[in-house]
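**Student:** Compact mmCIF, C-alpha atoms, saved as input_32.txt, coming up:
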# COMPACT_ATOMS: atom_id res chain seq x y z
CA MET K 1 0.00 0.00 0.00
CA LYS K 2 1.30 3.45 -0.85
CA GLU K 3 1.87 5.98 1.89
CA ILE K 4 -1.12 8.16 2.61
CA LYS K 5 -1.56 11.29 4.76
CA THR K 6 -4.82 11.00 6.70
CA ASN K 7 -6.76 13.64 8.59
CA VAL K 8 -5.71 11.93 11.85
CA MET K 9 -2.05 12.41 10.85
CA ARG K 10 -2.67 16.07 10.03
CA ILE K 11 -4.31 16.61 13.45
CA LEU K 12 -1.38 14.92 15.24
CA ASP K 13 1.13 16.93 13.15
CA LYS K 14 -0.60 20.17 14.11
CA ALA K 15 -0.51 19.14 17.79
CA LYS K 16 3.20 18.26 17.39
CA ILE K 17 2.60 14.65 18.46
CA ALA K 18 5.04 12.22 16.86
CA TYR K 19 3.73 9.00 15.34
CA GLU K 20 4.99 6.18 13.18
CA PRO K 21 2.64 5.34 10.29
CA MET K 22 2.15 1.63 9.64
CA TYR K 23 0.45 0.42 6.49
CA TYR K 24 -1.31 -2.89 5.86
CA GLU K 25 -3.59 -4.44 3.28
CA ILE K 26 -6.74 -6.33 4.18
CA ALA K 27 -10.04 -6.90 2.42
CA LYS K 28 -12.92 -4.97 3.96
CA ASP K 29 -14.90 -8.21 4.39
CA ASP K 30 -11.91 -9.83 6.12
CA PHE K 31 -11.23 -6.94 8.53
CA ASP K 32 -10.44 -8.04 12.06
CA GLY K 33 -8.32 -6.25 14.67
CA LEU K 34 -6.29 -9.36 15.49
CA LYS K 35 -5.48 -9.95 11.81
CA VAL K 36 -4.42 -6.31 11.47
CA THR K 37 -2.18 -6.64 14.54
CA ASP K 38 -0.58 -9.72 13.02
CA LEU K 39 -0.07 -7.88 9.70
CA LEU K 40 1.61 -4.99 11.56
CA GLY K 41 3.85 -7.40 13.50
CA LEU K 42 2.80 -5.97 16.86
CA LYS K 43 1.66 -7.56 20.13
CA TYR K 44 -2.08 -7.66 20.82
CA GLU K 45 -1.70 -5.56 23.97
CA GLU K 46 -0.02 -2.75 21.94
CA CYS K 47 -2.86 -2.35 19.43
CA PHE K 48 -6.01 -0.55 20.48
CA LYS K 49 -9.46 -0.54 18.94
CA THR K 50 -11.81 2.40 19.20
CA LEU K 51 -15.43 1.73 20.10
CA ALA K 52 -18.33 4.17 19.90
CA LEU K 53 -20.92 4.09 22.67
CA LEU K 54 -24.03 6.04 23.56
CA TYR K 55 -25.35 7.14 26.92
CA LYS K 56 -28.77 8.62 26.16
CA ASN K 57 -27.72 10.86 23.23
CA GLU K 58 -24.18 11.48 24.49
CA LEU K 59 -21.38 9.98 22.40
CA ILE K 60 -18.68 8.19 24.39
CA ILE K 61 -15.53 6.75 22.83
CA ALA K 62 -13.82 3.79 24.51
CA VAL K 63 -10.35 2.65 23.46
CA ILE K 64 -9.29 -0.85 24.47
CA PRO K 65 -6.69 -3.47 23.52
CA VAL K 66 -7.64 -5.24 20.29
CA ALA K 67 -7.83 -8.71 21.88
CA LYS K 68 -10.00 -7.62 24.81
CA GLU K 69 -13.73 -7.11 25.20
CA LEU K 70 -15.29 -3.98 26.62
CA ASP K 71 -17.16 -4.47 29.89
CA LEU K 72 -20.11 -2.09 29.50
CA LYS K 73 -20.88 -2.14 33.24
CA LYS K 74 -17.28 -1.33 34.25
CA CYS K 75 -17.14 1.39 31.60
CA ALA K 76 -20.43 2.94 32.70
CA LYS K 77 -19.31 2.88 36.35
CA ALA K 78 -15.96 4.50 35.46
CA LEU K 79 -17.79 7.26 33.58
CA ASN K 80 -20.46 7.59 36.28
CA VAL K 81 -23.31 6.88 33.85
CA LYS K 82 -25.91 4.13 33.41
CA ASP K 83 -26.98 1.99 30.49
CA LEU K 84 -24.27 2.40 27.89
CA GLU K 85 -24.95 0.89 24.49
CA MET K 86 -22.76 0.32 21.45
CA VAL K 87 -23.32 2.49 18.38
CA HIS K 88 -24.59 0.18 15.63
CA VAL K 89 -22.09 -0.38 12.78
CA LYS K 90 -24.52 1.16 10.24
CA ASP K 91 -24.64 4.38 12.34
CA LEU K 92 -20.86 4.79 12.84
CA LYS K 93 -20.23 7.10 9.87
CA LYS K 94 -23.11 9.40 10.84
CA LYS K 95 -22.33 9.51 14.59
CA VAL K 96 -18.52 9.38 14.58
CA GLY K 97 -17.37 10.28 11.07
CA TYR K 98 -15.56 7.00 10.49
CA GLU K 99 -16.58 3.62 9.08
CA ARG K 100 -15.93 0.27 10.76
CA GLY K 101 -12.24 -0.57 10.53
CA SER K 102 -11.14 3.05 10.44
CA VAL K 103 -12.46 4.50 13.73
CA SER K 104 -9.72 6.49 15.46
CA PRO K 105 -9.90 8.26 18.83
CA VAL K 106 -8.43 11.29 16.99
CA GLY K 107 -10.57 13.48 14.72
CA ILE K 108 -14.07 12.43 15.73
CA ASN K 109 -16.55 14.95 14.34
CA ALA K 110 -18.86 15.18 17.37
CA ARG K 111 -18.43 16.30 20.98
CA HIS K 112 -17.74 13.29 23.16
CA ARG K 113 -16.13 11.86 26.26
CA LEU K 114 -13.18 9.55 25.74
CA ILE K 115 -11.90 6.75 27.95
CA PHE K 116 -8.88 4.47 27.48
CA ASP K 117 -8.44 1.14 29.19
CA SER K 118 -5.87 1.47 31.99
CA SER K 119 -3.59 -1.08 30.27
CA ALA K 120 -2.53 1.73 27.90
CA LYS K 121 -0.67 3.35 30.81
CA LEU K 122 1.67 0.35 30.94
CA LEU K 123 2.99 1.10 27.44
CA SER K 124 5.20 3.88 26.10
CA LYS K 125 3.52 3.66 22.67
CA VAL K 126 0.10 2.49 21.51
CA GLU K 127 -1.15 1.67 18.03
CA ILE K 128 -4.42 3.28 16.98
CA SER K 129 -6.24 3.55 13.68
CA GLY K 130 -4.95 6.22 11.34
CA GLY K 131 -8.54 7.05 10.40
CA MET K 132 -8.57 4.92 7.25
CA MET K 133 -8.60 1.19 6.73
CA GLY K 134 -5.04 0.15 5.93
CA VAL K 135 -3.38 2.78 8.13
CA GLY K 136 -2.26 2.34 11.73
CA LEU K 137 -0.32 4.82 13.84
CA LEU K 138 2.13 4.02 16.62
CA VAL K 139 1.83 7.01 18.97
CA ASP K 140 3.41 8.06 22.27
CA GLN K 141 0.84 7.00 24.86
CA ALA K 142 1.32 9.88 27.32
CA ALA K 143 1.20 12.59 24.63
CA LEU K 144 -1.89 11.01 23.02
CA LEU K 145 -3.83 10.65 26.28
CA GLU K 146 -2.99 14.22 27.28
CA PHE K 147 -3.91 15.62 23.85
CA LEU K 148 -7.25 13.75 23.86
CA LYS K 149 -7.94 14.68 27.51
CA ALA K 150 -8.79 11.00 27.92
CA GLU K 151 -10.06 9.44 31.08
CA VAL K 152 -8.36 6.16 32.04
CA ALA K 153 -9.91 3.21 33.88
CA ASP K 154 -10.11 -0.57 33.92
CA ILE K 155 -12.95 -1.06 31.40
CA CYS K 156 -12.27 -4.50 29.91
CA ARG K 157 -13.72 -7.88 30.82
CA SER K 158 -11.41 -9.88 33.05
In structure tokens, write the structure found in this file.
**Tutor:**
Amino acid sequence: MKEIKTNVMRILDKAKIAYEPMYYEIAKDDFDGLKVTDLLGLKYEECFKTLALLYKNELIIAVIPVAKELDLKKCAKALNVKDLEMVHVKDLKKKVGYERGSVSPVGINARHRLIFDSSAKLLSKVEISGGMMGVGLLVDQAALLEFLKAEVADICRS
């Protein structure tokens, strides 16, 4: 895949946050976070997936390791809300501005709260989506969390 400059990269450039772009090729129908991690040659705990949630009409973004499952109850408790639900795949583009397989915690087009799983704090760098299928970004964890004003809590299933 040829090198591409995504909106997420432009936002990080403007914020002076360093990142390493990583490119991969995968069929849209075959997309899976674990397969992408394998293609990038990274460990599952280094790669993070971005999930869109709703509390009433409030958008909440949760970022967790690719091999883990979000615990909706733990996440709701950490955010001090009740009854979180996942945004349906067909509504992602409208609510978040990204399609499945390209959702990044950077550059979301709506006001939202953002929470990372606490395991991110154990790493110096985390891989997130570059905002387009086929593009991953390895980013300094501390700079990213500070830039995003992200909350951090244990939000994955044990």
**Student:** Show me, as a PyMOL selection string, the residues that have an atom within 8 Å of Gly130 in chain K when counting only C-alpha atoms, minus same-chain residues fewer than 5 positions from it.
**Tutor:** chain K and resi 6+8-9+21+102+104+135-137
**Student:** Identify which of the residues K:Ile26, K:Val139, K:Val81, K:Ile108 lies closest to Lys125 in chain K, counting only C-alpha atoms when measuring atom-to-atom distances.
**Tutor:**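 Comparing K:Ile26, K:Val139, K:Val81, K:Ile108 against Lys125 in chain K, the winner is K:Val139.
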**Student:** I'd like the contact shell of Ala78 in chain K - 9 Å cut-off, only C-alpha atoms, skipping same-chain residues fewer than 4 positions apart - returned as a PDB file with C-alpha atoms, keeping the file's coordinate frame.
**Tutor:**
ATOM      1  CA  LYS K  73     -20.880  -2.140  33.240  1.00  0.00           C
ATOM      2  CA  LYS K  74     -17.280  -1.330  34.250  1.00  0.00           C
ATOM      3  CA  ILE K 115     -11.900   6.750  27.950  1.00  0.00           C
ATOM      4  CA  GLU K 151     -10.060   9.440  31.080  1.00  0.00           C
ATOM      5  CA  VAL K 152      -8.360   6.160  32.040  1.00  0.00           C
ATOM      6  CA  ALA K 153      -9.910   3.210  33.880  1.00  0.00           C
ATOM      7  CA  ASP K 154     -10.110  -0.570  33.920  1.00  0.00           C
ATOM      8  CA  ILE K 155     -12.950  -1.060  31.400  1.00  0.00           C
TER       9      ILE K 155
END
**Student:** Can you tell me which residues surround Ala143 in chain K at a distance of at most 12 Å, considering all atoms listed in the file, apart from same-chain residues fewer than 3 positions away, and format the answer as JSON, numbers by chain?
**Tutor:** {"K": [12, 15, 16, 17, 18, 19, 120, 121, 123, 124, 125, 126, 138, 139, 140, 146, 147, 148, 149, 150]}
**Student:** Range 31-38 of chain K: which residues within 7 Å, counting all atoms listed in the file, same-chain residues fewer than 5 positions away excluded, as a PyMOL selection string?
**Tutor:** chain K and resi 26+43-44+47+66-67+101
**Student:** Using all atoms listed in the file for the distances, tell me which of K:Glu3, K:Glu20, K:Asp91, K:Glu127 is nearest to Pro65 in chain K.
**Tutor:**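 Checking each of K:Glu3, K:Glu20, K:Asp91, K:Glu127 against Pro65 in chain K, counting all atoms listed in the file, the winner is K:Glu127.
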**Student:** Which residues come within 7 Å of Gly134 in chain K, counting all atoms listed in the file, excluding same-chain residues fewer than 4 positions away, as a ChimeraX atom specification?
**Tutor:** /K:23-26
**Student:** Choose the residue, out of K:Met133, K:Ser118, K:Val103, K:Arg157, that has the smallest atom-to-atom separation from Leu72 in chain K; count all atoms listed in the file.
**Tutor:**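 Looking only at the distances to Leu72 in chain K, the closest residue turns out to be K:Arg157.
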**Student:** My list of candidates is K:Leu145, K:Met86, K:Ile11, K:Leu40. Which is closest to Ile61 in chain K when distances are computed with all atoms listed in the file?
**Tutor:**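 Closest to Ile61 in chain K of all the choices is K:Met86.
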**Student:** Which distance in Å separates CA of Asp30 in chain K and CA of Leu59 in chain K, to one decimal?
**Tutor:**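 Answer for the CA of Asp30 in chain K to CA of Leu59 in chain K separation: 27.3 Å.
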**Student:** Report the distance between CA of Leu53 in chain K and CA of Ser119 in chain K in Å, rounded to one decimal place.
**Tutor:**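 A separation of 19.6 Å between them.
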**Student:** Could you state the separation of CA of Arg113 in chain K and CA of Val63 in chain K in Å, given to one decimal place?
**Tutor:**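 So the two atoms, CA of Arg113 in chain K and CA of Val63 in chain K, lie 11.2 Å apart.
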**Student:** Smallest atom-to-atom distance to Met22 in chain K: which of K:Ala62, K:Leu84, K:Ala142, K:Ile128, using only C-alpha atoms?
**Tutor:**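 For Met22 in chain K, the nearest of the given residues is K:Ile128.
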**Student:** From the list K:Lys94, K:Pro105, K:Glu45, K:Asn7, which residue is nearest Leu122 in chain K when using only C-alpha atoms?
**Tutor:**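 Nearest to Leu122 in chain K: K:Glu45.
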**Student:** Can you patch up range 49-83 of chain K, filling it in to N, CA and C atoms, and show the result as a PDB file, keeping the file's coordinate frame?
**Tutor:**
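Saved file result-v1.pdb follows:
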ATOM      1  N   LYS K  49      -8.299  -0.780  19.796  1.00  0.00           N
ATOM      2  CA  LYS K  49      -9.460  -0.540  18.940  1.00  0.00           C
ATOM      3  C   LYS K  49     -10.318   0.528  19.595  1.00  0.00           C
ATOM      4  N   THR K  50     -10.992   1.278  18.756  1.00  0.00           N
ATOM      5  CA  THR K  50     -11.810   2.400  19.200  1.00  0.00           C
ATOM      6  C   THR K  50     -13.275   2.050  19.009  1.00  0.00           C
ATOM      7  N   LEU K  51     -14.012   2.108  20.101  1.00  0.00           N
ATOM      8  CA  LEU K  51     -15.430   1.730  20.100  1.00  0.00           C
ATOM      9  C   LEU K  51     -16.297   2.958  20.389  1.00  0.00           C
ATOM     10  N   ALA K  52     -17.409   3.058  19.696  1.00  0.00           N
ATOM     11  CA  ALA K  52     -18.330   4.170  19.900  1.00  0.00           C
ATOM     12  C   ALA K  52     -19.527   3.689  20.715  1.00  0.00           C
ATOM     13  N   LEU K  53     -19.836   4.436  21.760  1.00  0.00           N
ATOM     14  CA  LEU K  53     -20.920   4.090  22.670  1.00  0.00           C
ATOM     15  C   LEU K  53     -21.871   5.272  22.805  1.00  0.00           C
ATOM     16  N   LEU K  54     -23.064   4.984  23.269  1.00  0.00           N
ATOM     17  CA  LEU K  54     -24.030   6.040  23.560  1.00  0.00           C
ATOM     18  C   LEU K  54     -24.544   5.904  24.973  1.00  0.00           C
ATOM     19  N   TYR K  55     -24.654   7.046  25.656  1.00  0.00           N
ATOM     20  CA  TYR K  55     -25.350   7.140  26.920  1.00  0.00           C
ATOM     21  C   TYR K  55     -26.428   8.203  26.666  1.00  0.00           C
ATOM     22  N   LYS K  56     -27.674   7.759  26.611  1.00  0.00           N
ATOM     23  CA  LYS K  56     -28.770   8.620  26.160  1.00  0.00           C
ATOM     24  C   LYS K  56     -28.378   9.104  24.762  1.00  0.00           C
ATOM     25  N   ASN K  57     -28.174  10.393  24.542  1.00  0.00           N
ATOM     26  CA  ASN K  57     -27.720  10.860  23.230  1.00  0.00           C
ATOM     27  C   ASN K  57     -26.267  11.299  23.231  1.00  0.00           C
ATOM     28  N   GLU K  58     -25.573  11.073  24.357  1.00  0.00           N
ATOM     29  CA  GLU K  58     -24.180  11.480  24.490  1.00  0.00           C
ATOM     30  C   GLU K  58     -23.254  10.429  23.886  1.00  0.00           C
ATOM     31  N   LEU K  59     -22.362  10.871  23.009  1.00  0.00           N
ATOM     32  CA  LEU K  59     -21.380   9.980  22.400  1.00  0.00           C
ATOM     33  C   LEU K  59     -20.216   9.779  23.362  1.00  0.00           C
ATOM     34  N   ILE K  60     -19.826   8.532  23.549  1.00  0.00           N
ATOM     35  CA  ILE K  60     -18.680   8.190  24.390  1.00  0.00           C
ATOM     36  C   ILE K  60     -17.787   7.268  23.557  1.00  0.00           C
ATOM     37  N   ILE K  61     -16.501   7.550  23.572  1.00  0.00           N
ATOM     38  CA  ILE K  61     -15.530   6.750  22.830  1.00  0.00           C
ATOM     39  C   ILE K  61     -14.693   5.971  23.842  1.00  0.00           C
ATOM     40  N   ALA K  62     -14.638   4.654  23.652  1.00  0.00           N
ATOM     41  CA  ALA K  62     -13.820   3.790  24.510  1.00  0.00           C
ATOM     42  C   ALA K  62     -12.714   3.182  23.653  1.00  0.00           C
ATOM     43  N   VAL K  63     -11.505   3.173  24.189  1.00  0.00           N
ATOM     44  CA  VAL K  63     -10.350   2.650  23.460  1.00  0.00           C
ATOM     45  C   VAL K  63      -9.736   1.535  24.306  1.00  0.00           C
ATOM     46  N   ILE K  64      -9.732   0.325  23.723  1.00  0.00           N
ATOM     47  CA  ILE K  64      -9.290  -0.850  24.470  1.00  0.00           C
ATOM     48  C   ILE K  64      -8.345  -1.716  23.633  1.00  0.00           C
ATOM     49  N   PRO K  65      -7.558  -2.573  24.287  1.00  0.00           N
ATOM     50  CA  PRO K  65      -6.690  -3.470  23.520  1.00  0.00           C
ATOM     51  C   PRO K  65      -7.502  -4.330  22.565  1.00  0.00           C
ATOM     52  N   VAL K  66      -6.937  -4.572  21.385  1.00  0.00           N
ATOM     53  CA  VAL K  66      -7.640  -5.240  20.290  1.00  0.00           C
ATOM     54  C   VAL K  66      -8.143  -6.644  20.657  1.00  0.00           C
ATOM     55  N   ALA K  67      -7.439  -7.335  21.529  1.00  0.00           N
ATOM     56  CA  ALA K  67      -7.830  -8.710  21.880  1.00  0.00           C
ATOM     57  C   ALA K  67      -8.798  -8.780  23.049  1.00  0.00           C
ATOM     58  N   LYS K  68      -9.121  -7.640  23.627  1.00  0.00           N
ATOM     59  CA  LYS K  68     -10.000  -7.620  24.810  1.00  0.00           C
ATOM     60  C   LYS K  68     -11.426  -7.261  24.420  1.00  0.00           C
ATOM     61  N   GLU K  69     -12.330  -7.493  25.371  1.00  0.00           N
ATOM     62  CA  GLU K  69     -13.730  -7.110  25.200  1.00  0.00           C
ATOM     63  C   GLU K  69     -14.062  -6.007  26.190  1.00  0.00           C
ATOM     64  N   LEU K  70     -14.832  -5.046  25.746  1.00  0.00           N
ATOM     65  CA  LEU K  70     -15.290  -3.980  26.620  1.00  0.00           C
ATOM     66  C   LEU K  70     -16.301  -4.529  27.609  1.00  0.00           C
ATOM     67  N   ASP K  71     -16.164  -4.146  28.866  1.00  0.00           N
ATOM     68  CA  ASP K  71     -17.160  -4.470  29.890  1.00  0.00           C
ATOM     69  C   ASP K  71     -18.029  -3.220  30.042  1.00  0.00           C
ATOM     70  N   LEU K  72     -19.233  -3.267  29.489  1.00  0.00           N
ATOM     71  CA  LEU K  72     -20.110  -2.090  29.500  1.00  0.00           C
ATOM     72  C   LEU K  72     -20.415  -1.605  30.911  1.00  0.00           C
ATOM     73  N   LYS K  73     -20.580  -2.533  31.851  1.00  0.00           N
ATOM     74  CA  LYS K  73     -20.880  -2.140  33.240  1.00  0.00           C
ATOM     75  C   LYS K  73     -19.687  -1.423  33.884  1.00  0.00           C
ATOM     76  N   LYS K  74     -18.484  -1.980  33.706  1.00  0.00           N
ATOM     77  CA  LYS K  74     -17.280  -1.330  34.250  1.00  0.00           C
ATOM     78  C   LYS K  74     -17.092   0.054  33.624  1.00  0.00           C
ATOM     79  N   CYS K  75     -17.318   0.133  32.320  1.00  0.00           N
ATOM     80  CA  CYS K  75     -17.140   1.390  31.600  1.00  0.00           C
ATOM     81  C   CYS K  75     -18.144   2.435  32.091  1.00  0.00           C
ATOM     82  N   ALA K  76     -19.388   2.026  32.215  1.00  0.00           N
ATOM     83  CA  ALA K  76     -20.430   2.940  32.700  1.00  0.00           C
ATOM     84  C   ALA K  76     -20.095   3.434  34.107  1.00  0.00           C
ATOM     85  N   LYS K  77     -19.655   2.507  34.974  1.00  0.00           N
ATOM     86  CA  LYS K  77     -19.310   2.880  36.350  1.00  0.00           C
ATOM     87  C   LYS K  77     -18.150   3.872  36.350  1.00  0.00           C
ATOM     88  N   ALA K  78     -17.121   3.610  35.531  1.00  0.00           N
ATOM     89  CA  ALA K  78     -15.960   4.500  35.460  1.00  0.00           C
ATOM     90  C   ALA K  78     -16.343   5.907  34.995  1.00  0.00           C
ATOM     91  N   LEU K  79     -17.342   5.977  34.113  1.00  0.00           N
ATOM     92  CA  LEU K  79     -17.790   7.260  33.580  1.00  0.00           C
ATOM     93  C   LEU K  79     -18.924   7.878  34.395  1.00  0.00           C
ATOM     94  N   ASN K  80     -19.376   7.140  35.405  1.00  0.00           N
ATOM     95  CA  ASN K  80     -20.460   7.590  36.280  1.00  0.00           C
ATOM     96  C   ASN K  80     -21.764   7.818  35.497  1.00  0.00           C
ATOM     97  N   VAL K  81     -22.059   6.849  34.627  1.00  0.00           N
ATOM     98  CA  VAL K  81     -23.310   6.880  33.850  1.00  0.00           C
ATOM     99  C   VAL K  81     -23.975   5.513  33.958  1.00  0.00           C
ATOM    100  N   LYS K  82     -25.195   5.409  33.432  1.00  0.00           N
ATOM    101  CA  LYS K  82     -25.910   4.130  33.410  1.00  0.00           C
ATOM    102  C   LYS K  82     -26.283   3.777  31.990  1.00  0.00           C
ATOM    103  N   ASP K  83     -26.435   2.500  31.762  1.00  0.00           N
ATOM    104  CA  ASP K  83     -26.980   1.990  30.490  1.00  0.00           C
ATOM    105  C   ASP K  83     -26.255   2.479  29.243  1.00  0.00           C
TER     106      ASP K  83
END
